[in-house]
Amino acid sequence: MANLRSIASNLGLYVYGGAAIFLGLLGLVSGDFATTWQNVGPNIPLRVPLAYLTAVIELAGGIALLAPRTARAGALTLTIVYSAFTLIWLPKAFVNLGTYDPIGNVFEEFALVAAGLVLCAIFSPAGSSVARRRAFFVLLFGVCPISFGIVHIVDMPGLLGWIPGWLPPAKMFWAYATTMGFFGAAVAILSGILAPLAARLLTAEIVIFELLIWIPNLYAGPSTHFNWAGNAISIALCGASWVVSDSISAAAKTKEVPAESPAGVSIPA
């Protein structure tokens with residue numbers, strides 16, 4: 001229980017859960033999915049009822065995640081929801097092999113799934129099969145920044161259009177810097193070399209995207225559903241990276257502090 005309370009105090013959990021609540025409220029207000037990320041086509045039967053049902057599930061999952069007694073159920077619920085949207089993108093990725101955009105969307109959704117799995121492991125009983133796989137779930141997330149970097153390279157002209165012109169020294173500098181940041185974070189997380197620092201920097205990078213790009217876009221076009229959906233997904237990705245970063249840092253601290261026997265003799269890890 002002490003470990004559970006410690007994890008629940010980490011801000012990443014609240015950002016991840018808060019994003020799910022945001023997505024749920026957005027779905028209830030708009031009667032729509034977070035398009036184009038939750039890419040449910042217009043010809044799907046009962047699309048509007050499904051959008052409302054999804055919104056209710058996201059809202060309930062986010063609220064449940066923030067309550068210690070229901071956190072595990074909330075994490076599992078959100079993992080399942082985000083897995084469904086990941087699977088929706090998979091056929092599009094295989095059909096459109098000539099363009100990377102669908103594949104990029106697969107990994108954006110899968111990043112939310114991986115973070116949900118990390119939370120499921122955290123809130124599972126110690127020693128359980130799920131809890132023992134927490135490090136593996138972190139590695140699954142670590143693959144996603146590779147895709148984020150590839151998206152930046154493939155869509156460099158579009159990326160330059162999103163970077164604020166007032167940001168010194170130049171748009172191209174930040175395009176390359178953020179791209180290399182994604183690749184560097186992936187290498188660090190997958191290799192374990194400087195992983196806590198890299199995961200924190202990755203989270204900071206995504207938070208900066210939210211502050212400098214998505215919030216100004218929403219301010220400029222508050223009536224556009226795309227801007228609201230983009231902010232919700234961006235915050236969800238912030239939360240996902242933050243959750244993984246918290247997990248990596250907690251694991252690193254556990255390794256640094258040796259366990260002690262009742263007699264006060266250190267036990268080798």
# chains A, B, ... in the order shown; residues from 1 in each chain; ligands from 1
call {"tool": "residues_around", "arguments": {"residues": "Ser30 (chain A)", "least_positions_apart": "4", "cutoff": "9 Å", "atoms": "only C-alpha atoms", "output": "PDB file with all heavy atoms, in the first residue's frame"}}
result
ATOM      1  N   LEU A  25     -14.959  14.214 -21.496  1.00  0.00           N
ATOM      2  CA  LEU A  25     -15.812  15.410 -21.515  1.00  0.00           C
ATOM      3  C   LEU A  25     -15.940  15.969 -22.930  1.00  0.00           C
ATOM      4  O   LEU A  25     -17.031  16.395 -23.338  1.00  0.00           O
ATOM      5  CB  LEU A  25     -15.230  16.473 -20.580  1.00  0.00           C
ATOM      6  CG  LEU A  25     -15.267  16.137 -19.084  1.00  0.00           C
ATOM      7  CD1 LEU A  25     -14.556  17.214 -18.279  1.00  0.00           C
ATOM      8  CD2 LEU A  25     -16.708  15.969 -18.592  1.00  0.00           C
ATOM      9  N   LEU A  26     -14.831  15.938 -23.668  1.00  0.00           N
ATOM     10  CA  LEU A  26     -14.875  16.419 -25.053  1.00  0.00           C
ATOM     11  C   LEU A  26     -15.830  15.573 -25.890  1.00  0.00           C
ATOM     12  O   LEU A  26     -16.615  16.108 -26.696  1.00  0.00           O
ATOM     13  CB  LEU A  26     -13.469  16.373 -25.662  1.00  0.00           C
ATOM     14  CG  LEU A  26     -13.341  16.773 -27.129  1.00  0.00           C
ATOM     15  CD1 LEU A  26     -13.791  18.213 -27.337  1.00  0.00           C
ATOM     16  CD2 LEU A  26     -11.905  16.584 -27.612  1.00  0.00           C
ATOM     17  N   TYR A  52     -20.412   8.506 -27.811  1.00  0.00           N
ATOM     18  CA  TYR A  52     -20.844   8.825 -26.448  1.00  0.00           C
ATOM     19  C   TYR A  52     -20.426   7.721 -25.466  1.00  0.00           C
ATOM     20  O   TYR A  52     -19.986   8.006 -24.342  1.00  0.00           O
ATOM     21  CB  TYR A  52     -22.359   9.020 -26.399  1.00  0.00           C
ATOM     22  CG  TYR A  52     -22.812  10.378 -26.878  1.00  0.00           C
ATOM     23  CD1 TYR A  52     -23.578  10.523 -28.035  1.00  0.00           C
ATOM     24  CD2 TYR A  52     -22.473  11.532 -26.176  1.00  0.00           C
ATOM     25  CE1 TYR A  52     -23.986  11.768 -28.481  1.00  0.00           C
ATOM     26  CE2 TYR A  52     -22.884  12.783 -26.614  1.00  0.00           C
ATOM     27  CZ  TYR A  52     -23.637  12.900 -27.762  1.00  0.00           C
ATOM     28  OH  TYR A  52     -24.046  14.148 -28.199  1.00  0.00           O
ATOM     29  N   HIS A 225     -13.163  21.618 -33.541  1.00  0.00           N
ATOM     30  CA  HIS A 225     -13.058  20.355 -32.812  1.00  0.00           C
ATOM     31  C   HIS A 225     -11.652  19.770 -32.901  1.00  0.00           C
ATOM     32  O   HIS A 225     -11.153  19.180 -31.929  1.00  0.00           O
ATOM     33  CB  HIS A 225     -14.082  19.354 -33.357  1.00  0.00           C
ATOM     34  CG  HIS A 225     -14.032  18.014 -32.691  1.00  0.00           C
ATOM     35  ND1 HIS A 225     -14.334  17.830 -31.361  1.00  0.00           N
ATOM     36  CD2 HIS A 225     -13.701  16.786 -33.166  1.00  0.00           C
ATOM     37  CE1 HIS A 225     -14.212  16.558 -31.042  1.00  0.00           C
ATOM     38  NE2 HIS A 225     -13.813  15.901 -32.118  1.00  0.00           N
TER      39      HIS A 225
END
call {"tool": "residues_around", "arguments": {"residues": "region 21-24 of chain A", "least_positions_apart": "2", "cutoff": "9 Å", "atoms": "only C-alpha atoms", "output": "PyMOL selection string"}}
result
chain A and resi 16-19+26-29+33-34+52+54-63+229+232-233+235-236
call {"tool": "select_by_dssp", "arguments": {"residues": "region 6-235 of chain A", "states": "helix (DSSP H, G or I)", "output": "PyMOL selection string"}}
result
chain A and resi 6-8+11-30+47-65+68-95+101-123+131-154+156-162+171-191+195-220+225-235
call {"tool": "closest_residue", "arguments": {"among": "A:Leu201, A:Ile213, A:Ile150, A:Leu119", "to": "Pro164 (chain A)", "atoms": "only C-alpha atoms"}}
result
A:Ile213
call {"tool": "closest_atom_pairs", "arguments": {"of": "region 50-91 of chain A", "to": "region 121-134 of chain A", "cutoff": "9 Å", "atoms": "only C-alpha atoms", "output": "CSV"}}
result
residue,atom,partner,partner_atom,distance
A:Pro68,CA,A:Phe123,CA,9.0
A:Ala71,CA,A:Phe123,CA,7.0
A:Arg72,CA,A:Phe123,CA,5.3
A:Ala75,CA,A:Phe123,CA,8.4
call {"tool": "closest_residue", "arguments": {"among": "A:Val81, A:Met180, A:Ala51, A:Cys238", "to": "Leu211 (chain A)", "atoms": "only C-alpha atoms"}}
result
A:Cys238
call {"tool": "residues_around", "arguments": {"residues": "Val207 (chain A)", "least_positions_apart": "2", "cutoff": "10 Å", "atoms": "only C-alpha atoms", "output": "PyMOL selection string"}}
result
chain A and resi 201-205+209-214+234-235+237-239+241-242
call {"tool": "write_last_selection", "arguments": {"atoms": "N, CA and C atoms", "output": "tab-separated table (two decimals), in the first residue's frame"}}
result
chain	number	residue	atom	x	y	z
A	201	LEU	N	13.41	14.36	-20.05
A	201	LEU	CA	13.57	15.32	-21.14
A	201	LEU	C	12.53	15.09	-22.24
A	202	LEU	N	12.22	13.81	-22.51
A	202	LEU	CA	11.18	13.50	-23.49
A	202	LEU	C	9.84	14.07	-23.03
A	203	THR	N	9.54	13.90	-21.75
A	203	THR	CA	8.29	14.45	-21.21
A	203	THR	C	8.28	15.96	-21.34
A	204	ALA	N	9.40	16.59	-21.02
A	204	ALA	CA	9.48	18.05	-21.14
A	204	ALA	C	9.27	18.49	-22.58
A	205	GLU	N	9.81	17.74	-23.54
A	205	GLU	CA	9.64	18.09	-24.94
A	205	GLU	C	8.17	18.06	-25.34
A	209	PHE	N	5.59	21.11	-26.53
A	209	PHE	CA	4.71	21.10	-27.71
A	209	PHE	C	3.31	21.57	-27.33
A	210	GLU	N	2.82	21.07	-26.20
A	210	GLU	CA	1.48	21.45	-25.75
A	210	GLU	C	1.41	22.95	-25.47
A	211	LEU	N	2.42	23.48	-24.80
A	211	LEU	CA	2.40	24.88	-24.39
A	211	LEU	C	2.59	25.84	-25.57
A	212	LEU	N	3.46	25.48	-26.50
A	212	LEU	CA	3.81	26.40	-27.59
A	212	LEU	C	3.01	26.20	-28.86
A	213	ILE	N	2.39	25.04	-29.01
A	213	ILE	CA	1.68	24.76	-30.27
A	213	ILE	C	0.19	24.56	-30.04
A	214	TRP	N	-0.17	23.57	-29.20
A	214	TRP	CA	-1.58	23.20	-29.12
A	214	TRP	C	-2.43	24.22	-28.36
A	234	SER	N	-2.58	15.50	-27.05
A	234	SER	CA	-1.26	15.99	-26.65
A	234	SER	C	-1.07	15.85	-25.14
A	235	ILE	N	-2.08	16.20	-24.36
A	235	ILE	CA	-1.99	16.05	-22.90
A	235	ILE	C	-1.91	14.58	-22.52
A	237	LEU	N	-0.52	12.23	-24.29
A	237	LEU	CA	0.86	11.82	-24.57
A	237	LEU	C	1.82	12.37	-23.53
A	238	CYS	N	1.57	13.60	-23.07
A	238	CYS	CA	2.36	14.14	-21.94
A	238	CYS	C	2.25	13.22	-20.73
A	239	GLY	N	1.01	12.83	-20.42
A	239	GLY	CA	0.79	11.97	-19.27
A	239	GLY	C	1.44	10.61	-19.44
A	241	SER	N	4.11	9.80	-21.27
A	241	SER	CA	5.55	9.92	-21.11
A	241	SER	C	5.91	10.17	-19.65
A	242	TRP	N	5.09	10.96	-18.97
A	242	TRP	CA	5.34	11.28	-17.56
A	242	TRP	C	5.22	10.02	-16.70
call {"tool": "closest_atom_pairs", "arguments": {"of": "region 56-85 of chain A", "to": "region 39-42 of chain A", "cutoff": "12 Å", "atoms": "only C-alpha atoms", "output": "Markdown table"}}
result
| residue | atom | partner | partner_atom | distance |
| --- | --- | --- | --- | --- |
| A:Tyr82 | CA | A:Asn39 | CA | 11.7 |
| A:Ala84 | CA | A:Val40 | CA | 10.5 |
| A:Phe85 | CA | A:Asn39 | CA | 7.3 |
call {"tool": "write_last_selection", "arguments": {"atoms": "all heavy atoms", "output": "PDB file, in the first residue's frame"}}
result
ATOM      1  N   TYR A  82      -7.561   2.614 -25.393  1.00  0.00           N
ATOM      2  CA  TYR A  82      -6.501   3.072 -26.287  1.00  0.00           C
ATOM      3  C   TYR A  82      -6.020   1.945 -27.206  1.00  0.00           C
ATOM      4  O   TYR A  82      -5.595   2.203 -28.340  1.00  0.00           O
ATOM      5  CB  TYR A  82      -5.337   3.644 -25.479  1.00  0.00           C
ATOM      6  CG  TYR A  82      -5.695   4.880 -24.685  1.00  0.00           C
ATOM      7  CD1 TYR A  82      -5.179   5.096 -23.401  1.00  0.00           C
ATOM      8  CD2 TYR A  82      -6.545   5.847 -25.214  1.00  0.00           C
ATOM      9  CE1 TYR A  82      -5.502   6.235 -22.673  1.00  0.00           C
ATOM     10  CE2 TYR A  82      -6.874   6.979 -24.494  1.00  0.00           C
ATOM     11  CZ  TYR A  82      -6.355   7.171 -23.218  1.00  0.00           C
ATOM     12  OH  TYR A  82      -6.686   8.300 -22.501  1.00  0.00           O
ATOM     13  N   ALA A  84      -7.987  -0.266 -28.500  1.00  0.00           N
ATOM     14  CA  ALA A  84      -8.982  -0.327 -29.575  1.00  0.00           C
ATOM     15  C   ALA A  84      -8.661   0.681 -30.674  1.00  0.00           C
ATOM     16  O   ALA A  84      -8.730   0.362 -31.874  1.00  0.00           O
ATOM     17  CB  ALA A  84     -10.379  -0.065 -29.004  1.00  0.00           C
ATOM     18  N   PHE A  85      -8.272   1.894 -30.288  1.00  0.00           N
ATOM     19  CA  PHE A  85      -7.954   2.903 -31.294  1.00  0.00           C
ATOM     20  C   PHE A  85      -6.636   2.596 -32.006  1.00  0.00           C
ATOM     21  O   PHE A  85      -6.461   2.953 -33.174  1.00  0.00           O
ATOM     22  CB  PHE A  85      -7.918   4.290 -30.659  1.00  0.00           C
ATOM     23  CG  PHE A  85      -9.277   4.775 -30.233  1.00  0.00           C
ATOM     24  CD1 PHE A  85      -9.563   5.033 -28.903  1.00  0.00           C
ATOM     25  CD2 PHE A  85     -10.284   4.951 -31.168  1.00  0.00           C
ATOM     26  CE1 PHE A  85     -10.818   5.460 -28.508  1.00  0.00           C
ATOM     27  CE2 PHE A  85     -11.547   5.386 -30.794  1.00  0.00           C
ATOM     28  CZ  PHE A  85     -11.818   5.635 -29.455  1.00  0.00           C
TER      29      PHE A  85
END
call {"tool": "closest_residue", "arguments": {"among": "A:Phe148, A:Phe136, A:Phe110, A:Phe173", "to": "Gly192 (chain A)", "atoms": "only C-alpha atoms"}}
result
A:Phe136
call {"tool": "atom_distance", "arguments": {"atom1": "CA of Thr254 (chain A)", "atom2": "CA of Thr77 (chain A)"}}
result
28.2 Å
call {"tool": "residues_around", "arguments": {"residues": "Val118 (chain A)", "least_positions_apart": "5", "cutoff": "7 Å", "atoms": "only C-alpha atoms", "output": "count of residues only"}}
result
4
call {"tool": "residues_around", "arguments": {"residues": "Val113 (chain A)", "least_positions_apart": "5", "cutoff": "8 Å", "atoms": "only C-alpha atoms", "output": "ChimeraX atom specification"}}
result
/A:78-80,82-83
call {"tool": "residues_around", "arguments": {"residues": "Ala185 (chain A)", "least_positions_apart": "4", "cutoff": "10 Å", "atoms": "only C-alpha atoms", "output": "list of chain:residue names"}}
result
A:Gly142, A:Val143, A:Cys144, A:Pro145, A:Ile146, A:Met180, A:Gly181, A:Ile189, A:Leu190, A:Ser191, A:Ile193, A:Leu194, A:Ala195, A:Pro196, A:Leu197, A:Ala198, A:Ala199, A:Arg200, A:Leu201, A:Leu202, A:Thr203
call {"tool": "closest_atom_pairs", "arguments": {"of": "region 39-124 of chain A", "to": "region 154-163 of chain A", "cutoff": "9 Å", "atoms": "only C-alpha atoms", "output": "JSON lines"}}
result
{"residue": "A:Thr99", "atom": "CA", "partner": "A:Val154", "partner_atom": "CA", "distance": 8.8}
{"residue": "A:Tyr100", "atom": "CA", "partner": "A:Val154", "partner_atom": "CA", "distance": 7.4}
{"residue": "A:Asp101", "atom": "CA", "partner": "A:Val154", "partner_atom": "CA", "distance": 8.7}
call {"tool": "decode", "arguments": {"residues": "region 67-78 of chain A", "atoms": "C-alpha atoms", "output": "compact mmCIF listing (two decimals), in the first residue's frame"}}
result
# COMPACT_ATOMS: atom_id res chain seq x y z
CA ALA A 67 -8.78 7.00 -6.80
CA PRO A 68 -6.39 4.58 -5.05
CA ARG A 69 -8.98 1.82 -4.60
CA THR A 70 -10.00 1.82 -8.26
CA ALA A 71 -6.72 2.87 -9.87
CA ARG A 72 -5.94 -0.58 -11.23
CA ALA A 73 -9.37 -0.89 -12.84
CA GLY A 74 -9.03 2.61 -14.28
CA ALA A 75 -5.62 1.82 -15.76
CA LEU A 76 -6.94 -1.39 -17.32
CA THR A 77 -9.99 0.40 -18.73
CA LEU A 78 -7.93 3.11 -20.40
